[in-house]
Structures are given as structure tokens and as C-alpha cells.
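Chemist: Dropping in target19.cif, which is mmCIF, C-alpha atoms:
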data_work
#
loop_
_atom_site.label_atom_id
_atom_site.label_comp_id
_atom_site.auth_asym_id
_atom_site.auth_seq_id
_atom_site.Cartn_x
_atom_site.Cartn_y
_atom_site.Cartn_z
CA MET A 1 -247.70 -119.96 119.74
CA GLN A 2 -247.90 -120.44 115.99
CA ASN A 3 -247.32 -124.17 116.36
CA GLN A 4 -250.20 -124.42 118.81
CA GLN A 5 -252.50 -122.60 116.40
CA GLN A 6 -251.47 -124.94 113.61
CA LEU A 7 -252.11 -127.92 115.85
CA GLN A 8 -255.50 -126.61 116.80
CA THR A 9 -256.33 -126.07 113.14
CA LEU A 10 -255.23 -129.59 112.31
CA MET A 11 -257.18 -131.02 115.23
CA GLN A 12 -260.31 -129.21 114.17
CA ALA A 13 -259.86 -130.51 110.67
CA GLY A 14 -259.76 -134.03 112.09
CA GLN A 15 -256.25 -134.84 110.99
CA ILE A 16 -254.92 -135.54 114.49
CA SER A 17 -256.67 -138.43 116.09
CA GLY A 18 -256.48 -139.52 119.69
CA SER A 19 -257.40 -137.74 122.80
CA LEU A 20 -255.75 -135.57 125.33
CA SER A 21 -254.70 -137.18 128.54
CA PHE A 22 -256.20 -136.24 131.80
CA ASN A 23 -253.76 -133.42 132.54
CA GLY A 24 -254.13 -131.81 129.06
CA ASN A 25 -250.89 -133.17 127.58
CA LEU A 26 -250.80 -134.93 124.25
CA SER A 27 -250.05 -138.63 124.15
CA LYS A 28 -246.88 -139.81 122.42
CA GLU A 29 -248.84 -141.09 119.42
CA ASP A 30 -250.68 -137.79 119.12
CA GLU A 31 -247.43 -135.92 119.45
CA GLU A 32 -245.84 -137.91 116.62
CA MET A 33 -248.86 -137.38 114.44
CA SER A 34 -248.85 -133.69 115.13
CA LYS A 35 -245.12 -133.51 114.32
CA SER A 36 -245.77 -135.40 111.11
CA ALA A 37 -248.66 -133.14 110.24
CA LEU A 38 -246.57 -130.13 111.15
CA SER A 39 -243.68 -131.26 108.97
CA THR A 40 -246.11 -131.96 106.11
CA PHE A 41 -247.60 -128.54 106.62
CA LYS A 42 -244.12 -126.94 106.64
CA ALA A 43 -243.17 -128.84 103.48
CA LYS A 44 -246.31 -127.63 101.74
CA GLU A 45 -245.63 -124.08 102.95
CA GLU A 46 -242.08 -124.27 101.60
CA GLU A 47 -243.36 -125.64 98.30
CA ILE A 48 -245.92 -122.84 98.07
CA GLU A 49 -243.24 -120.30 98.92
CA LYS A 50 -240.93 -121.83 96.28
CA LYS A 51 -243.67 -121.67 93.61
CA LYS A 52 -244.52 -118.16 94.70
CA LEU A 53 -240.87 -117.13 94.17
CA GLU A 54 -240.81 -118.84 90.75
CA VAL A 55 -243.97 -117.00 89.66
CA LYS A 56 -242.56 -113.75 91.01
CA GLU A 57 -239.33 -114.29 89.02
CA LYS A 58 -241.33 -115.07 85.87
CA VAL A 59 -243.42 -111.94 86.38
CA GLN A 60 -240.25 -109.86 86.87
CA ALA A 61 -238.75 -111.35 83.70
CA GLN A 62 -241.95 -110.54 81.77
CA LEU A 63 -241.99 -107.00 83.18
CA GLY A 64 -238.37 -106.55 82.11
CA ARG A 65 -239.24 -107.68 78.57
CA ILE A 66 -242.31 -105.45 78.51
CA GLU A 67 -240.26 -102.44 79.62
CA GLU A 68 -237.68 -103.16 76.91
CA GLU A 69 -240.42 -103.48 74.27
CA THR A 70 -241.99 -100.26 75.52
CA ARG A 71 -238.66 -98.45 75.13
CA ARG A 72 -238.21 -99.87 71.62
CA LEU A 73 -241.74 -98.83 70.63
CA ALA A 74 -241.15 -95.32 72.01
CA ILE A 75 -237.98 -95.05 69.91
CA ILE A 76 -239.85 -96.25 66.80
CA ARG A 77 -242.68 -93.75 67.46
CA GLU A 78 -240.13 -90.90 67.79
CA GLU A 79 -238.49 -91.94 64.52
CA LEU A 80 -241.88 -91.99 62.79
CA GLU A 81 -242.76 -88.56 64.13
CA ALA A 82 -239.38 -87.21 63.03
CA LEU A 83 -239.97 -88.71 59.59
CA GLY A 84 -243.40 -87.11 59.27
CA ASP A 85 -242.35 -83.64 60.49
CA PRO A 86 -240.58 -82.30 57.34
CA MET A 87 -243.39 -83.47 55.11
CA LYS A 88 -246.00 -82.12 57.51
CA LYS A 89 -244.42 -78.65 57.47
CA GLU A 90 -244.09 -78.66 53.69
CA VAL A 91 -247.68 -79.86 53.23
CA SER A 92 -248.89 -77.18 55.60
CA THR A 93 -246.96 -74.50 53.70
CA VAL A 94 -248.33 -75.68 50.36
CA ARG A 95 -251.89 -75.77 51.72
CA LYS A 96 -251.57 -72.22 53.05
CA ARG A 97 -250.23 -71.08 49.66
CA ILE A 98 -253.18 -72.79 47.92
CA ASP A 99 -255.59 -70.96 50.21
CA ILE A 100 -253.92 -67.62 49.40
CA VAL A 101 -254.05 -68.32 45.65
CA ASN A 102 -257.71 -69.34 45.93
CA LYS A 103 -258.49 -66.03 47.65
CA GLU A 104 -256.66 -64.18 44.83
CA LEU A 105 -258.42 -66.23 42.14
CA LYS A 106 -261.94 -65.46 43.30
CA PRO A 107 -261.93 -61.72 42.45
CA LEU A 108 -259.94 -62.41 39.28
CA GLY A 109 -262.55 -64.93 38.19
CA GLN A 110 -265.33 -62.44 38.86
CA THR A 111 -263.46 -59.76 36.90
CA CYS A 112 -262.93 -62.21 34.06
CA GLN A 113 -266.63 -63.10 33.94
CA LYS A 114 -267.56 -59.41 33.98
CA LYS A 115 -265.11 -58.67 31.14
CA GLU A 116 -266.43 -61.66 29.16
CA ARG A 117 -269.99 -60.32 29.52
CA GLU A 118 -268.80 -56.85 28.47
CA TYR A 119 -266.90 -58.37 25.53
CA LYS A 120 -269.96 -60.35 24.40
CA GLU A 121 -272.13 -57.25 24.68
CA ALA A 122 -269.57 -55.18 22.75
CA LEU A 123 -269.19 -57.91 20.11
CA GLU A 124 -272.97 -58.14 19.76
CA ALA A 125 -273.22 -54.35 19.39
CA PHE A 126 -270.35 -54.40 16.87
CA ASN A 127 -272.00 -57.17 14.84
CA GLU A 128 -275.33 -55.29 14.81
CA LYS A 129 -273.64 -52.07 13.62
CA HIS A 130 -271.67 -54.03 11.03
CA LYS A 131 -274.89 -55.66 9.80
CA GLU A 132 -276.54 -52.22 9.65
CA LYS A 133 -273.55 -50.87 7.71
CA VAL A 134 -273.77 -53.75 5.23
CA GLN A 135 -277.48 -53.07 4.77
CA LEU A 136 -276.78 -49.35 4.26
CA ILE A 137 -274.03 -50.09 1.75
CA THR A 138 -276.39 -52.43 -0.08
CA ARG A 139 -279.08 -49.73 -0.11
CA LEU A 140 -276.49 -47.17 -1.28
CA MET A 141 -275.44 -49.47 -4.12
CA GLU A 142 -279.08 -49.90 -5.09
CA LEU A 143 -279.65 -46.14 -5.00
CA VAL A 144 -276.49 -45.45 -6.96
CA GLY A 145 -277.49 -48.12 -9.45
CA GLU A 146 -280.98 -46.66 -9.81
CA SER A 147 -279.55 -43.17 -10.00
CA GLU A 148 -277.17 -44.21 -12.77
CA LYS A 149 -280.00 -45.90 -14.64
CA MET A 150 -282.13 -42.81 -14.31
CA ARG A 151 -279.26 -40.54 -15.38
CA MET A 152 -278.48 -42.83 -18.28
CA LYS A 153 -282.13 -42.85 -19.19
CA LYS A 154 -282.23 -39.07 -18.94
CA LEU A 155 -279.03 -38.81 -20.95
CA GLU A 156 -280.48 -41.03 -23.62
CA GLU A 157 -283.63 -38.95 -23.69
CA LEU A 158 -281.58 -35.79 -23.93
CA SER A 159 -279.43 -37.35 -26.55
CA LYS A 160 -282.56 -38.28 -28.57
CA SER A 161 -283.90 -34.82 -28.06
CA VAL A 162 -280.69 -33.35 -29.32
CA GLU A 163 -280.79 -35.61 -32.32
CA THR A 164 -284.34 -34.73 -33.05
CA ILE A 165 -283.49 -31.04 -32.92
CA ARG A 166 -280.92 -31.37 -35.53
#
Show me, as C-alpha cells, the structure contained in the file I just sent.

Modeler:
Amino acid sequence: MQNQQQLQTLMQAGQISGSLSFNGNLSKEDEEMSKSALSTFKAKEEEIEKKKLEVKEKVQAQLGRIEEETRRLAIIREELEALGDPMKKEVSTVRKRIDIVNKELKPLGQTCQKKEREYKEALEAFNEKHKEKVQLITRLMELVGESEKMRMKKLEELSKSVETIR
């Protein structure tokens, strides 16, 4: 059945020349040509099949290499992940500790600023009182000096008065 289909295909393509005899049988020449065409067709089919197998083998070989490379890459990725893990944990721990310290620093910084303001205010008040004290001491010295002058003057006057009485 398949051979007849192939023959019909070849006849339609114009590869088999000649005509059918009166009773529908092929002539000897046509028969030889059809056998030749059939053998050529079979040879081409075998060649195609052979090339198909070669390509299939090449594809299988490539797939085998790809699978091997995939396995090797997976192993390398696992090694890289294992390498990064200890550092990742340590980095995470340090970052968490930094966050905790930052939270502790914020109120301490605010307290420090408040104390600095209080210190500056207290220092300013101290300096003003010290300045006032210095001014008062200066005034006291002036008063004492004037008082002494006046007493000395009075003493001299009294002393002159006493001398004039004698």
C-alpha cells in the first residue's frame, strides 16, 4: 500500500514517464523506473534517518554536558551561599546592636544638650554674680579708702585742735 502511494506521488511529480498499458499494469520500463525511483527514495529516507539519528545523538550529548554544567553551577552556588552565611549573620547581629545603641544614644544626647544649656546658664549666672562681687569689692575698697582719708583728716584736725589747745 505504501509503495503504491509512493509511486503515485512520484508519478504526479512527473518522475515516472511512460503510460499504463490497457489493462492498468505498468510496462517493464515503467516498472524499472519506479523501482529505481523507489530505491532512490529509500536511500534518501535512510540518509535522512541517519542524519536525524546523528543530530539526536549530538543533542543528547549537549544535554548531558548542560546537565553536568548545571550540577556544577548548583554546587558552586551552594558553596557561595555557605560562604556568605556566617558573615551575613554577624553583619545582621552588628546592625541590630547598632540600632539598639542608636536608640540609647538619642535620649542621652538630649540629656547632654539639656545639661549643657543648664551649665551655660549656671556659668553665666555665676559670672554675673562674680562680676557684681568684684564691683562691690571695688566699691568697698573705695569707701574704705575714703573713710580712712576722712578719718585721717578728722584725726589731723583733732590733732591740730589739741595742739592749739595746749

Chemist: What does the distance between CA of Asp99 in chain A and CA of Ala82 in chain A come to in Å, to one decimal place?

Modeler: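 Straight-line distance from CA of Asp99 in chain A to CA of Ala82 in chain A works out to 26.3 Å.
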
Chemist: CA of Glu68 in chain A and CA of Glu49 in chain A are how many Å apart?

Modeler: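 If I compute the distance from CA of Glu68 in chain A to CA of Glu49 in chain A, I get 28.4 Å.
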
Chemist: Quote the spacing between CA of Glu142 in chain A and CA of Lys129 in chain A in Å to one decimal place.

Modeler: 19.6 Å

Chemist: Could range 149-160 of chain A be completed with all heavy atoms and returned as a short mmCIF file (atom, residue, chain, number, x, y, z; two decimals), in the frame of the given file?

Modeler:
data_model
loop_
_atom_site.label_atom_id
_atom_site.label_comp_id
_atom_site.auth_asym_id
_atom_site.auth_seq_id
_atom_site.Cartn_x
_atom_site.Cartn_y
_atom_site.Cartn_z
N LYS A 149 -279.03 -45.50 -13.61
CA LYS A 149 -280.00 -45.90 -14.64
C LYS A 149 -280.85 -44.70 -15.04
O LYS A 149 -281.09 -44.46 -16.23
CB LYS A 149 -280.92 -47.01 -14.10
CG LYS A 149 -280.35 -48.38 -14.18
CD LYS A 149 -281.43 -49.36 -13.72
CE LYS A 149 -280.88 -50.75 -13.54
NZ LYS A 149 -281.86 -51.69 -13.06
N MET A 150 -281.30 -43.97 -14.01
CA MET A 150 -282.13 -42.81 -14.31
C MET A 150 -281.34 -41.75 -15.08
O MET A 150 -281.85 -41.15 -16.03
CB MET A 150 -282.69 -42.22 -13.01
CG MET A 150 -283.79 -43.08 -12.43
SD MET A 150 -284.36 -42.55 -10.83
CE MET A 150 -285.14 -41.01 -11.13
N ARG A 151 -280.10 -41.53 -14.68
CA ARG A 151 -279.26 -40.54 -15.38
C ARG A 151 -278.99 -41.00 -16.80
O ARG A 151 -279.00 -40.20 -17.73
CB ARG A 151 -277.96 -40.33 -14.62
CG ARG A 151 -278.19 -39.43 -13.43
CD ARG A 151 -277.01 -39.17 -12.54
NE ARG A 151 -275.75 -38.95 -13.17
CZ ARG A 151 -274.56 -39.22 -12.62
NH1 ARG A 151 -274.51 -39.76 -11.41
NH2 ARG A 151 -273.45 -38.97 -13.24
N MET A 152 -278.73 -42.30 -16.94
CA MET A 152 -278.48 -42.83 -18.28
C MET A 152 -279.74 -42.68 -19.13
O MET A 152 -279.67 -42.32 -20.32
CB MET A 152 -278.08 -44.30 -18.22
CG MET A 152 -276.67 -44.52 -17.75
SD MET A 152 -275.51 -43.76 -18.86
CE MET A 152 -275.28 -45.05 -20.02
N LYS A 153 -280.86 -42.98 -18.48
CA LYS A 153 -282.13 -42.85 -19.19
C LYS A 153 -282.34 -41.39 -19.60
O LYS A 153 -282.73 -41.10 -20.73
CB LYS A 153 -283.25 -43.35 -18.29
CG LYS A 153 -284.52 -43.63 -19.00
CD LYS A 153 -285.49 -44.20 -17.98
CE LYS A 153 -286.73 -44.70 -18.66
NZ LYS A 153 -287.70 -45.19 -17.75
N LYS A 154 -282.07 -40.50 -18.68
CA LYS A 154 -282.23 -39.07 -18.94
C LYS A 154 -281.26 -38.63 -20.01
O LYS A 154 -281.65 -37.86 -20.91
CB LYS A 154 -281.97 -38.32 -17.63
CG LYS A 154 -282.39 -36.91 -17.63
CD LYS A 154 -283.88 -36.85 -17.65
CE LYS A 154 -284.34 -35.49 -17.21
NZ LYS A 154 -285.70 -35.28 -17.48
N LEU A 155 -280.03 -39.15 -19.94
CA LEU A 155 -279.03 -38.81 -20.95
C LEU A 155 -279.48 -39.32 -22.31
O LEU A 155 -279.32 -38.62 -23.32
CB LEU A 155 -277.67 -39.41 -20.59
CG LEU A 155 -276.78 -38.55 -19.71
CD1 LEU A 155 -275.54 -39.34 -19.29
CD2 LEU A 155 -276.36 -37.28 -20.39
N GLU A 156 -280.01 -40.48 -22.35
CA GLU A 156 -280.48 -41.03 -23.62
C GLU A 156 -281.62 -40.17 -24.16
O GLU A 156 -281.70 -39.90 -25.36
CB GLU A 156 -280.92 -42.48 -23.45
CG GLU A 156 -279.79 -43.46 -23.38
CD GLU A 156 -280.27 -44.89 -23.19
OE1 GLU A 156 -281.45 -45.22 -23.41
OE2 GLU A 156 -279.42 -45.70 -22.77
N GLU A 157 -282.51 -39.80 -23.27
CA GLU A 157 -283.63 -38.95 -23.69
C GLU A 157 -283.11 -37.61 -24.21
O GLU A 157 -283.58 -37.11 -25.24
CB GLU A 157 -284.59 -38.72 -22.52
CG GLU A 157 -285.45 -39.87 -22.17
CD GLU A 157 -286.33 -39.61 -20.96
OE1 GLU A 157 -286.45 -38.47 -20.48
OE2 GLU A 157 -286.86 -40.62 -20.44
N LEU A 158 -282.16 -37.07 -23.49
CA LEU A 158 -281.58 -35.79 -23.93
C LEU A 158 -280.85 -35.97 -25.25
O LEU A 158 -280.92 -35.10 -26.14
CB LEU A 158 -280.64 -35.23 -22.86
CG LEU A 158 -281.30 -34.60 -21.65
CD1 LEU A 158 -280.24 -34.21 -20.64
CD2 LEU A 158 -282.13 -33.39 -22.03
N SER A 159 -280.17 -37.06 -25.31
CA SER A 159 -279.43 -37.35 -26.55
C SER A 159 -280.43 -37.51 -27.70
O SER A 159 -280.19 -37.00 -28.81
CB SER A 159 -278.62 -38.62 -26.33
OG SER A 159 -277.92 -38.98 -27.44
N LYS A 160 -281.55 -38.13 -27.53
CA LYS A 160 -282.56 -38.28 -28.57
C LYS A 160 -283.18 -36.92 -28.89
O LYS A 160 -283.46 -36.62 -30.05
CB LYS A 160 -283.65 -39.26 -28.11
CG LYS A 160 -283.28 -40.68 -28.23
CD LYS A 160 -284.45 -41.55 -27.85
CE LYS A 160 -284.07 -42.98 -27.80
NZ LYS A 160 -285.09 -43.86 -27.38
#
